[in-house]
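Below: one structure, written as structure tokens.
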Protein chains: 2
Amino acid sequence: MEPIQDKKTLLFESALELIRVHGFHGTPVSRVAREAGVAAGTVYTYFNSKDEMILELYKYVKLKVLAEVSTKDNPELPFQQRFFAFWDHLTSLYLSKPAFQSFMEQFVSSPYNTPELQQSTDLWGAWLGKFFEQGVAVGALKPLSPQILAIMVIGSVISLVRYLTYFKSKTQSVKGELTQIPQMVWDGIKNH
Amino acid sequence: MEPIQDKKTLLFESALELIRVHGFHGTPVSRVAREAGVAAGTVYTYFNSKDEMILELYKYVKLKVLAEVSTKDNPELPFQQRFFAFWDHLTSLYLSKPAFQSFMEQFVSSPYNTPELQQSTDLWGAWLGKFFEQGVAVGALKPLSPQILAIMVIGSVISLVRYLTYFKSKTQSVKGELTQIPQMVWDGIKNH
DNA sequence: AGCTAGTGAATGAACGTTCAATCAATTTTA
DNA sequence: TAAAATTGATTGAACGTTCATTCACTAGCT
């Protein structure tokens with residue numbers, strides 16, 4: 001846990017956790033404020049509206065994910081190794097911060113998300129694009145557009161994490177097999 | 001389009017479309033009623049609460065998906081062929097009924113969804129399980145648990161459909177490559 | 001003193017839900 | 001058969017609550 005920097009971050013973290021449990025509509029602004037230790041009105045010195053807060057929260061989380069994954073990537077390594085590391089980092093990030101995963105999923109499937117928003121400058125998307133581009137460039141990946149490759153990979157990570165979240169109990173039997181998922185994805189996207 | 005059977009179905013369809021556009025919270029019961037051509041109070045002769053309506057809607061949609069996909073499956077065919085047909089049917093169902101896809105995504109990532117609900121009897125999940133089991137049994141798929149295989153496949157379908165929904169314009173460049181996604185998934189899960 | 005940040009009670013709109021009244025259809029009675 | 005009674009679905013105005021947002025006021029800092 002990094003130290004809380006400013007009040008905005010405090011509000012973000014408070015909102016994240018509440019939204020994970022209760023969803024957007026189930027988390028009143030007043031509650032976000034209270035959990036963050038401030039009064040309801042204070043939220044409006046940092047955001048113009050609840051909607052704006054949620055939009056900024058989305059950008060905040062995306063940046064955090066980018067920071068985590070990009071820092072741990074080592075472009076010197078052979079691409080296959082980078083891929084498995086990437087998979088691992090993203091999966092464990094989501095598993096260790098369930099509020100990230102939950103919020104992102106809720107957000108992208110909500111009316112907050114629009115084609116315009118998705119196409120606006122998106123550092124995480126850009127980083128992903130470059131990552132898979134490099135994989136293609138060095139001949140490790142099938143010569144497909146980075147977007148298509150990202151679809152494959154991110155989709156599987158999300159499904160896997162969701163599965164683990166909803167079937168915590170049942171997973172004893174299949175836990176051993178879970179490590180095979182990145183291998184399968186790799187088999188699907190690798191060249192030859 | 002099948003003819004509208006009863007008022008419940010009418011309410012379901014009305015709710016589906018409204019939720020697709022405005023989300024759960026953005027669609028008041030009164031609006032669902034109005035679009036269905038009934039008064040607000042009428043909704044409560046069919047459902048005990050808005051929440052209950054949404055839970056039933058979830059089951060309704062899952063059954064529709066199951067009906068569509070299972071009817072079109074032909075167990076006589078070689079498994080690889082069944083797999084590509086399955087992929088195709090599920091993808092085009094979601095693309096042709098955006099409200100299905102949108103509602104299901106919103107639902108599963110919302111607080112409505114619980115581990116208990118996911119583990120309660122689920123015909124669609126059961127059908128999927130059997131489908132992939134058969135693939136393993138005939139030696140077409142890697143010997144993994146059906147759940148794991150389902151994660152891989154469904155995850156990619158969802159990501160693909162979501163991508164197409166949010167990047168309608170950009171897809172000209174990559175559209176040709178999209179057909180390669182099921183092929184990649186197949187490469188990942190097939191035996192040897 | 002002046003300024004900024006923070007407070008939290010107050011406001012008003014929106015929403016889920018209720019319920020007395022209405023209506024259409026069906027059954028009973030004469 | 002015709003009138004009367006019964007039934008149950010439907011209506012929509014009204015209720016109570018919740019919540020986002022505002023704002024007059026306060027606290028703390030320089």
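Within each chain, counting starts at residue 1; across the structure tokens, chains are named A, B, ... in the order shown, with ligands numbered 1 upward in that order.
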
Show me a table, sorted first by chain and then by increasing residue number, of the residues of chain D having an atom at most 9 Å from chain A, each with its shortest atom pair and the distance in Å to one decimal, counting only C-alpha atoms (C1' of nucleotides) and written as a tab-separated table.
residue	atom	partner	partner_atom	distance
D:DC19	C1'	A:Pro28	CA	6.6
D:DA20	C1'	A:Val29	CA	7.4
D:DT21	C1'	A:Ser49	CA	8.2
D:DT22	C1'	A:Gly41	CA	8.6

Limited to N, CA, C and O atoms (P, O5', C5', C4', C3', O3' and C1' of nucleotides), could you put the picked residues into a file as a compact mmCIF listing (two decimals), in the first residue's frame?
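For reference, out.txt as written:
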# COMPACT_ATOMS: atom_id res chain seq x y z
P DC D 19 -29.37 5.96 -1.25
O5' DC D 19 -28.98 7.20 -2.16
C5' DC D 19 -29.57 7.27 -3.47
C4' DC D 19 -29.39 8.66 -4.01
C3' DC D 19 -28.01 9.24 -3.70
O3' DC D 19 -27.37 9.54 -4.91
C1' DC D 19 -29.75 10.80 -3.24
P DA D 20 -25.80 9.76 -4.98
O5' DA D 20 -25.72 11.10 -5.84
C5' DA D 20 -26.39 11.14 -7.08
C4' DA D 20 -26.70 12.57 -7.46
C3' DA D 20 -25.48 13.49 -7.54
O3' DA D 20 -25.64 14.33 -8.66
C1' DA D 20 -27.00 14.32 -5.91
P DT D 21 -24.45 15.29 -9.09
O5' DT D 21 -24.82 16.63 -8.32
C5' DT D 21 -26.09 17.25 -8.57
C4' DT D 21 -26.31 18.38 -7.61
C3' DT D 21 -25.13 19.36 -7.46
O3' DT D 21 -25.57 20.63 -7.91
C1' DT D 21 -26.12 18.84 -5.37
P DT D 22 -24.61 21.91 -7.87
O5' DT D 22 -25.21 22.70 -6.62
C5' DT D 22 -26.61 22.89 -6.54
C4' DT D 22 -26.95 23.66 -5.28
C3' DT D 22 -26.10 24.90 -5.03
O3' DT D 22 -26.97 25.95 -4.65
C1' DT D 22 -26.04 23.50 -3.14

Please find the residues of chain A near chain B - the criterion being any atom within 9 Å, counting only C-alpha atoms - and write them as a PyMOL selection string. chain A and resi 19-26+102-103+105-111+113-116+118-119+144-145+147-149+151-160+162-163+165-168+174+177-178+180-181+183-189

Just the number, please: distance in Å from CA of Arg82 in chain B to CA of Val138 in chain B, one decimal.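 A separation of 12.4 Å between them.
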
Set the cut-off to 10 Å and count only C-alpha atoms (C1' of nucleotides): what are the residues of chain A that reach chain C? Output as a list in words.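 Here they are: Val38, Ala39, Ala40, Gly41, Thr42, Val43 and Thr45 of chain A.
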
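Taking CA of Leu63 in chain A and CA of Ala36 in chain A as endpoints, the distance between them is 21.1 Å.
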
Provide the CA of Leu128 in chain A to CA of Ser70 in chain A distance in Å, to one decimal place.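 Distance between the two atoms: 9.3 Å.
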
Please provide as a ChimeraX atom specification all residues within 7 Å of Asn191 in chain B, with the sequence filter that same-chain residues fewer than 5 positions apart are discarded (counting only C-alpha atoms (C1' of nucleotides)). /B:139-142

Range 76-181 of chain B: residues DSSP assigns to helix (DSSP H, G or I), reported as a ChimeraX atom specification: /B:79-96,98-108,115-119,123-137,146-166,171-178,180-181

Shortest interatomic distance to DT11 in chain D - which of B:Leu57, B:Leu18, B:Ala33, B:Leu10, counting only C-alpha atoms (C1' of nucleotides):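 Checking each of B:Leu57, B:Leu18, B:Ala33, B:Leu10 against DT11 in chain D, counting only C-alpha atoms (C1' of nucleotides), the winner is B:Ala33.
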